[in-house]
Structure formats: structure tokens, C-alpha cells
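Working notes, structure below.
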There are 2 protein chains.
Amino acid sequence: MSKTLERRTKLRESLIEAAERRIAAGGLAGLKTRDLAQDIGVANGAVYNLVDDVDELILRVGSRTLARLDVALSSAESDGPPSPRDTLVRIAVAYCDFAADHHELWRALFEHRMAPGKPVPEWAVSDQMALFRHIYRPLAEMFPTRTPDELGVTARSLFSAVHGMVLLGLEHKLIAVPVEALRAEIAVIVRAMVEGLAASRRVD
Amino acid sequence: MSKTLERRTKLRESLIEAAERRIAAGGLAGLKTRDLAQDIGVANGAVYNLVDDVDELILRVGSRTLARLDVALSSAESDGPPSPRDTLVRIAVAYCDFAADHHELWRALFEHRMAPGKPVPEWAVSDQMALFRHIYRPLAEMFPTRTPDELGVTARSLFSAVHGMVLLGLEHKLIAVPVEALRAEIAVIVRAMVEGLAASRRVD
């Protein structure tokens, strides 16, 4: 790697880390490239030599958040009885804990909207979809005769349901719940969902 | 009612309706009191003779949205077999339909944040909490030995889970689902949850 390229790679990394610190402290709303340029000691315009635009920067921070979430979910997977039902409950509770512990970074994953008409880039979509394997695998074990498409639908429904409980539980919007109570509720509801799904005949 | 008071009451109603039309068309982000003043033919500053601030205006629009949602859920309640499990499934699907049909007004209910440090007024909280009776009543019928507090916890968990499925399903964020498929998924998952809850021993 040339000296110039090496310097650019390091600066780009610093920029992403600076954006991450700012989002973790104050959410997406207060993110300004001017502040970031100052954080890493470059001129305002130089930020755009390092990333295409703010959307890319936010998505790069998002990828780092998803990578951390991946570690947390992997650890929850192996941290208890290997039965798929227990695993799904542990993953859901770990998702709740992650959202509580990295609240602003987690919110940013869902609040960020691309500039109108601009699609989310392929690499960011893959990063997001890769995490579904944590839900998909136990479901595939529970329902060996279901097709990948059917399992995919159930995986995203379970995820969305848990996400909703975490979102409204932590946002204290309409509903205020202490985190400990929220974790317990999520465990009860996820267990009920997976037991109910296992007991039900196929609904077509 | 004096002529002046009558005129003020009518103007206030027009202002709330104008805000509702603007939110329904373009969401909360584009709402400007300047536009609203023009819509109802008053000077800019006169808006603040009619409501305390934009928070109040948005909450008044929210109450109208909640009143419509109340009608939709009441109609779903009586529109099919009276068993509590079927009723809970119908209510969840009706919530999905309502969100799809009144997308911006529904989003505004959850996206609105009060100015920092300002609590949501009591009347708005009551309007929101009143809707939980649609979930609470069938649950109370299913679980006659549970306390009101326990039922309240289950009601908000069910609501949050369904809300999450509707939110991520309709927002096409991470997860894109056609509304028909979403309705079907919600029915499957809610039925699984309530069957699972009914089958499970109490978890304390």
C-alpha cells in the first residue's frame, strides 16, 4: 500500500470511529460533518474524499454496530441449553440487552433513511441480512420440513415482534417498562410464540 | 357561547383539521405553522391563540387518529367469532390494516416527541391508554385468574409485538413484505402467541 493510500485508509477509519462516538453520544440528529472534520483534524471538505456522503458514513457505523450485535447474539446462542426454543429465547433477550446497552447506535440502525430515491447499497443489505441466521438456524431445527422461504418469513416475524417489544419498552413511548421487566416479558412472549408455532398445524 | 368564543372554537377545529391533512400528506417532518395559518386564513402568530404550541396541535391530531383506530378495532372485535383468541387475531390484523391505510397519521403517533423536559399531557395519555382495553378484555376472558397488572403486562407485550411486525413490515426497512402477506403473518404469529400463552404454565 502506498503511503498516501495508507494515510487515507487510516483517516477513513478515524472518521468512521468519530462518527460512531458522536452517534453513540447524541444520536443521528446531531451528526455534523463539520464536527467530524474537526475531530479527525482535516478540512471540512476533506471528509468527502474519505466517504461518498453522510449516508455511506452512517451505514459504515451501522455495519460496526451490526458486527457487535452479531458477537452478542453468537455468545447468547452458545450460552445455555442448545434446544432451539431455549436458544430463540436467549437470542431475543440478548437483543434487548444490546439495544439497552448501545441505545443510540441501535436506534440509528432503524432511524437512518437514505436520501430520497437512493437505494441501500448491497454490502449494507448483506450485513443486515446475515444476522437473521441467528433466528433462522434454531427455526430450521424446530421445523425441518419447512422450506427456506417459509422459515425466512417466520424468522422475520419473530424478529419484528421482539424488535417491537424492545422498541416500545425502551422508548418509554405509550409504555414504560424497566429493562429487567422487559427482559422477563420478552422471554415469556417469545417462548409462547415458539411453543404456539410448534403446536399449531401448518397454516397456509 | 359568545360569538368570539364560538369563532375561536371553529378556527381551532379548522387548525387541527388542517394539521391532520398536512400530516396525512407529508408526515410530521414537513409540518409548518406558517402553512397552517395560511390554510385557515389567519396571521402566523394567531395560531398560538388557538393552541399552546405545536406539541399540543400534534397531540390533538393524534387523538383524532386514536379515535379512528378505536372505531376500527371495535368493529374488528364484533366482526367474527367471539372467542377471545379469534378476537385478538382480528384486532391485530385490523391494527395492521389501519396502519397501512392511514400510514402517515399512524407514524406520527409514534414519531412525535415532546419538547425536551415537557411531559405528555394527561388527556393525551388517557386517549392512548384507553385503546388497550381492546387487547385487555379478551385476555381477561382467557386468563380469569390473572391480576389486572399481569393482564396489563401481557396486553402491552402483545401490542408491542404486533406493532413491531407492522412497523418493520410497512416501513420496508430491513424487511419488505406485501400488506396481504403481512396480514397473514400477523395472524399466524398472534395465534401462536395466544395459544402458547394459554398452554404455558404461569412463569413468575
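Residues are referred to by chain and number: the chain letter is A, B, ... according to the order shown in the C-alpha cells, the number counts from 1 in that chain, and ligands are numbered separately from 1 in the order shown.
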After a least-squares superposition on chain B over all sequentially paired C-alpha atoms, what is chain A as a JSON list (two decimals) with C-alpha atoms, in the first residue's frame?
```json
[["chain", "number", "residue", "atom", "x", "y", "z"],
["A", 1, "MET", "CA", -71.25, 30.61, 23.85],
["A", 2, "SER", "CA", -70.26, 34.18, 22.87],
["A", 3, "LYS", "CA", -69.70, 34.97, 19.21],
["A", 4, "THR", "CA", -65.94, 35.43, 19.87],
["A", 5, "LEU", "CA", -65.62, 32.13, 21.68],
["A", 6, "GLU", "CA", -67.66, 30.37, 19.01],
["A", 7, "ARG", "CA", -65.39, 31.78, 16.30],
["A", 8, "ARG", "CA", -62.29, 30.71, 18.22],
["A", 9, "THR", "CA", -63.67, 27.16, 18.70],
["A", 10, "LYS", "CA", -64.39, 26.85, 14.99],
["A", 11, "LEU", "CA", -60.98, 28.21, 14.00],
["A", 12, "ARG", "CA", -59.28, 25.84, 16.41],
["A", 13, "GLU", "CA", -61.14, 22.92, 14.87],
["A", 14, "SER", "CA", -60.12, 24.12, 11.39],
["A", 15, "LEU", "CA", -56.52, 24.39, 12.52],
["A", 16, "ILE", "CA", -56.48, 20.83, 13.83],
["A", 17, "GLU", "CA", -58.09, 19.56, 10.61],
["A", 18, "ALA", "CA", -55.56, 21.48, 8.52],
["A", 19, "ALA", "CA", -52.70, 19.96, 10.54],
["A", 20, "GLU", "CA", -54.25, 16.53, 10.06],
["A", 21, "ARG", "CA", -54.43, 16.98, 6.28],
["A", 22, "ARG", "CA", -50.81, 18.17, 6.15],
["A", 23, "ILE", "CA", -49.54, 15.30, 8.31],
["A", 24, "ALA", "CA", -51.55, 12.75, 6.29],
["A", 25, "ALA", "CA", -49.98, 14.13, 3.08],
["A", 26, "GLY", "CA", -46.38, 14.69, 4.14],
["A", 27, "GLY", "CA", -45.75, 13.37, 7.64],
["A", 28, "LEU", "CA", -44.62, 15.31, 10.70],
["A", 29, "ALA", "CA", -41.37, 16.52, 9.16],
["A", 30, "GLY", "CA", -42.95, 19.01, 6.80],
["A", 31, "LEU", "CA", -45.47, 20.51, 9.25],
["A", 32, "LYS", "CA", -45.09, 24.31, 9.42],
["A", 33, "THR", "CA", -47.35, 26.69, 11.36],
["A", 34, "ARG", "CA", -46.91, 29.24, 8.57],
["A", 35, "ASP", "CA", -48.64, 26.86, 6.12],
["A", 36, "LEU", "CA", -51.38, 26.09, 8.62],
["A", 37, "ALA", "CA", -52.05, 29.78, 9.28],
["A", 38, "GLN", "CA", -52.43, 30.22, 5.52],
["A", 39, "ASP", "CA", -54.67, 27.13, 5.24],
["A", 40, "ILE", "CA", -57.18, 28.59, 7.73],
["A", 41, "GLY", "CA", -56.73, 32.23, 6.72],
["A", 42, "VAL", "CA", -55.21, 33.75, 9.87],
["A", 43, "ALA", "CA", -51.96, 35.62, 10.58],
["A", 44, "ASN", "CA", -48.95, 33.43, 11.52],
["A", 45, "GLY", "CA", -48.94, 34.38, 15.19],
["A", 46, "ALA", "CA", -52.69, 33.81, 15.56],
["A", 47, "VAL", "CA", -52.10, 30.03, 15.52],
["A", 48, "TYR", "CA", -50.81, 30.35, 19.08],
["A", 49, "ASN", "CA", -54.10, 31.90, 20.21],
["A", 50, "LEU", "CA", -55.72, 28.61, 19.20],
["A", 51, "VAL", "CA", -53.28, 26.04, 20.63],
["A", 52, "ASP", "CA", -50.48, 26.33, 23.18],
["A", 53, "ASP", "CA", -47.78, 25.08, 20.84],
["A", 54, "VAL", "CA", -47.03, 22.62, 18.02],
["A", 55, "ASP", "CA", -46.83, 19.74, 20.53],
["A", 56, "GLU", "CA", -50.44, 20.34, 21.54],
["A", 57, "LEU", "CA", -51.51, 20.57, 17.91],
["A", 58, "ILE", "CA", -49.82, 17.27, 17.01],
["A", 59, "LEU", "CA", -51.31, 15.57, 20.07],
["A", 60, "ARG", "CA", -54.79, 16.82, 19.11],
["A", 61, "VAL", "CA", -54.34, 15.33, 15.65],
["A", 62, "GLY", "CA", -53.09, 12.16, 17.40],
["A", 63, "SER", "CA", -56.29, 11.99, 19.45],
["A", 64, "ARG", "CA", -58.35, 12.08, 16.28],
["A", 65, "THR", "CA", -56.20, 9.29, 14.82],
["A", 66, "LEU", "CA", -56.63, 7.23, 18.00],
["A", 67, "ALA", "CA", -60.40, 7.80, 17.89],
["A", 68, "ARG", "CA", -60.49, 6.40, 14.34],
["A", 69, "LEU", "CA", -58.31, 3.48, 15.36],
["A", 70, "ASP", "CA", -60.72, 2.85, 18.23],
["A", 71, "VAL", "CA", -63.63, 2.62, 15.77],
["A", 72, "ALA", "CA", -61.64, 0.24, 13.54],
["A", 73, "LEU", "CA", -60.70, -2.03, 16.45],
["A", 74, "SER", "CA", -64.25, -2.01, 17.87],
["A", 75, "SER", "CA", -65.57, -3.04, 14.52],
["A", 76, "ALA", "CA", -62.98, -5.85, 14.24],
["A", 77, "GLU", "CA", -63.92, -7.05, 17.72],
["A", 78, "SER", "CA", -67.53, -7.70, 16.77],
["A", 79, "ASP", "CA", -66.82, -8.84, 13.22],
["A", 80, "GLY", "CA", -66.38, -12.60, 13.72],
["A", 81, "PRO", "CA", -66.40, -15.44, 16.25],
["A", 82, "PRO", "CA", -66.51, -14.03, 19.80],
["A", 83, "SER", "CA", -63.80, -16.37, 21.21],
["A", 84, "PRO", "CA", -61.03, -14.29, 22.79],
["A", 85, "ARG", "CA", -58.31, -15.93, 20.67],
["A", 86, "ASP", "CA", -60.08, -15.18, 17.41],
["A", 87, "THR", "CA", -60.84, -11.67, 18.64],
["A", 88, "LEU", "CA", -57.16, -10.99, 19.42],
["A", 89, "VAL", "CA", -56.16, -12.16, 15.94],
["A", 90, "ARG", "CA", -58.80, -9.93, 14.28],
["A", 91, "ILE", "CA", -57.72, -6.92, 16.34],
["A", 92, "ALA", "CA", -54.08, -7.42, 15.36],
["A", 93, "VAL", "CA", -54.95, -7.68, 11.67],
["A", 94, "ALA", "CA", -57.20, -4.60, 11.96],
["A", 95, "TYR", "CA", -54.29, -2.71, 13.51],
["A", 96, "CYS", "CA", -52.14, -3.67, 10.53],
["A", 97, "ASP", "CA", -54.85, -2.53, 8.09],
["A", 98, "PHE", "CA", -55.29, 0.76, 9.92],
["A", 99, "ALA", "CA", -51.55, 1.46, 9.82],
["A", 100, "ALA", "CA", -51.43, 0.65, 6.10],
["A", 101, "ASP", "CA", -54.49, 2.82, 5.32],
["A", 102, "HIS", "CA", -53.50, 5.83, 7.47],
["A", 103, "HIS", "CA", -49.77, 5.41, 7.20],
["A", 104, "GLU", "CA", -48.55, 8.94, 7.90],
["A", 105, "LEU", "CA", -51.08, 9.68, 10.65],
["A", 106, "TRP", "CA", -50.22, 6.36, 12.28],
["A", 107, "ARG", "CA", -46.46, 7.02, 12.02],
["A", 108, "ALA", "CA", -46.97, 10.46, 13.56],
["A", 109, "LEU", "CA", -48.40, 8.83, 16.71],
["A", 110, "PHE", "CA", -45.05, 7.18, 17.36],
["A", 111, "GLU", "CA", -42.60, 9.62, 15.84],
["A", 112, "HIS", "CA", -43.74, 12.68, 17.70],
["A", 113, "ARG", "CA", -41.48, 13.64, 20.61],
["A", 114, "MET", "CA", -42.45, 16.35, 23.09],
["A", 115, "ALA", "CA", -40.06, 19.27, 23.52],
["A", 116, "PRO", "CA", -37.28, 18.14, 25.95],
["A", 117, "GLY", "CA", -38.43, 18.00, 29.58],
["A", 118, "LYS", "CA", -42.10, 18.48, 28.70],
["A", 119, "PRO", "CA", -44.34, 15.60, 29.76],
["A", 120, "VAL", "CA", -47.14, 14.27, 27.56],
["A", 121, "PRO", "CA", -50.35, 15.86, 28.96],
["A", 122, "GLU", "CA", -52.71, 13.68, 30.99],
["A", 123, "TRP", "CA", -55.56, 13.85, 28.43],
["A", 124, "ALA", "CA", -53.28, 12.51, 25.67],
["A", 125, "VAL", "CA", -52.02, 9.66, 27.85],
["A", 126, "SER", "CA", -55.63, 8.67, 28.67],
["A", 127, "ASP", "CA", -56.54, 8.68, 24.99],
["A", 128, "GLN", "CA", -53.64, 6.32, 24.33],
["A", 129, "MET", "CA", -54.22, 4.00, 27.26],
["A", 130, "ALA", "CA", -57.95, 3.69, 26.55],
["A", 131, "LEU", "CA", -57.17, 1.68, 23.42],
["A", 132, "PHE", "CA", -55.52, -1.09, 25.40],
["A", 133, "ARG", "CA", -58.97, -2.25, 26.50],
["A", 134, "HIS", "CA", -59.36, -3.93, 23.09],
["A", 135, "ILE", "CA", -56.49, -6.28, 23.97],
["A", 136, "TYR", "CA", -57.12, -6.37, 27.70],
["A", 137, "ARG", "CA", -60.71, -7.63, 27.53],
["A", 138, "PRO", "CA", -60.10, -10.81, 25.50],
["A", 139, "LEU", "CA", -57.00, -11.55, 27.63],
["A", 140, "ALA", "CA", -59.05, -11.16, 30.82],
["A", 141, "GLU", "CA", -61.54, -13.64, 29.41],
["A", 142, "MET", "CA", -58.75, -16.10, 28.53],
["A", 143, "PHE", "CA", -56.95, -15.77, 31.87],
["A", 144, "PRO", "CA", -59.61, -15.16, 34.52],
["A", 145, "THR", "CA", -57.25, -15.81, 37.45],
["A", 146, "ARG", "CA", -54.63, -13.27, 36.45],
["A", 147, "THR", "CA", -54.45, -9.89, 38.15],
["A", 148, "PRO", "CA", -55.12, -6.63, 36.26],
["A", 149, "ASP", "CA", -51.38, -5.83, 36.47],
["A", 150, "GLU", "CA", -50.42, -9.17, 34.95],
["A", 151, "LEU", "CA", -53.00, -8.77, 32.21],
["A", 152, "GLY", "CA", -51.74, -5.24, 31.57],
["A", 153, "VAL", "CA", -48.20, -6.55, 31.07],
["A", 154, "THR", "CA", -49.37, -9.21, 28.64],
["A", 155, "ALA", "CA", -51.56, -6.70, 26.79],
["A", 156, "ARG", "CA", -48.69, -4.30, 26.20],
["A", 157, "SER", "CA", -46.35, -7.14, 25.18],
["A", 158, "LEU", "CA", -48.85, -8.39, 22.61],
["A", 159, "PHE", "CA", -49.41, -4.87, 21.36],
["A", 160, "SER", "CA", -45.69, -4.15, 21.10],
["A", 161, "ALA", "CA", -45.03, -7.39, 19.25],
["A", 162, "VAL", "CA", -47.77, -6.71, 16.71],
["A", 163, "HIS", "CA", -46.64, -3.09, 16.41],
["A", 164, "GLY", "CA", -43.11, -4.29, 15.60],
["A", 165, "MET", "CA", -44.37, -6.59, 12.85],
["A", 166, "VAL", "CA", -46.49, -3.81, 11.35],
["A", 167, "LEU", "CA", -43.74, -1.22, 11.69],
["A", 168, "LEU", "CA", -40.96, -3.22, 10.03],
["A", 169, "GLY", "CA", -43.37, -4.79, 7.55],
["A", 170, "LEU", "CA", -44.72, -1.46, 6.32],
["A", 171, "GLU", "CA", -41.51, 0.55, 6.55],
["A", 172, "HIS", "CA", -39.68, -1.82, 4.21],
["A", 173, "LYS", "CA", -36.65, -1.31, 6.42],
["A", 174, "LEU", "CA", -34.57, -4.51, 6.60],
["A", 175, "ILE", "CA", -37.71, -6.40, 5.70],
["A", 176, "ALA", "CA", -40.08, -5.89, 2.80],
["A", 177, "VAL", "CA", -43.46, -7.60, 2.93],
["A", 178, "PRO", "CA", -46.59, -7.06, 0.83],
["A", 179, "VAL", "CA", -49.53, -6.02, 3.07],
["A", 180, "GLU", "CA", -51.52, -9.18, 2.29],
["A", 181, "ALA", "CA", -48.58, -11.37, 3.34],
["A", 182, "LEU", "CA", -48.04, -9.21, 6.39],
["A", 183, "ARG", "CA", -51.66, -9.64, 7.51],
["A", 184, "ALA", "CA", -51.35, -13.41, 7.13],
["A", 185, "GLU", "CA", -48.08, -13.51, 9.07],
["A", 186, "ILE", "CA", -49.52, -11.40, 11.87],
["A", 187, "ALA", "CA", -52.49, -13.73, 12.15],
["A", 188, "VAL", "CA", -50.18, -16.77, 12.38],
["A", 189, "ILE", "CA", -47.88, -15.20, 14.95],
["A", 190, "VAL", "CA", -50.62, -13.74, 17.15],
["A", 191, "ARG", "CA", -52.46, -17.04, 17.15],
["A", 192, "ALA", "CA", -49.22, -18.81, 18.10],
["A", 193, "MET", "CA", -48.59, -16.30, 20.89],
["A", 194, "VAL", "CA", -52.02, -16.59, 22.42],
["A", 195, "GLU", "CA", -52.12, -20.39, 22.06],
["A", 196, "GLY", "CA", -48.63, -20.55, 23.58],
["A", 197, "LEU", "CA", -49.62, -18.26, 26.45],
["A", 198, "ALA", "CA", -52.74, -20.31, 27.09],
["A", 199, "ALA", "CA", -50.76, -23.56, 27.12],
["A", 200, "SER", "CA", -47.90, -22.36, 29.27],
["A", 201, "ARG", "CA", -47.93, -22.64, 33.01],
["A", 202, "ARG", "CA", -47.57, -19.33, 34.77],
["A", 203, "VAL", "CA", -44.00, -18.06, 34.61],
["A", 204, "ASP", "CA", -43.12, -16.00, 37.70]]
```
(request) Enumerate as JSON, numbers by chain all residues of range 25-119 of chain B assigned to helix (DSSP H, G or I) by DSSP on the backbone, naming them with the chain letters and numbers the document uses. (result) {"B": [25, 26, 33, 34, 35, 36, 37, 38, 39, 40, 44, 45, 46, 47, 48, 49, 50, 54, 55, 56, 57, 58, 59, 60, 61, 62, 63, 64, 65, 66, 67, 68, 69, 70, 71, 72, 73, 74, 75, 76, 77, 78, 84, 85, 86, 87, 88, 89, 90, 91, 92, 93, 94, 95, 96, 97, 98, 99, 100, 101, 103, 104, 105, 106, 107, 108, 109, 110, 111]}
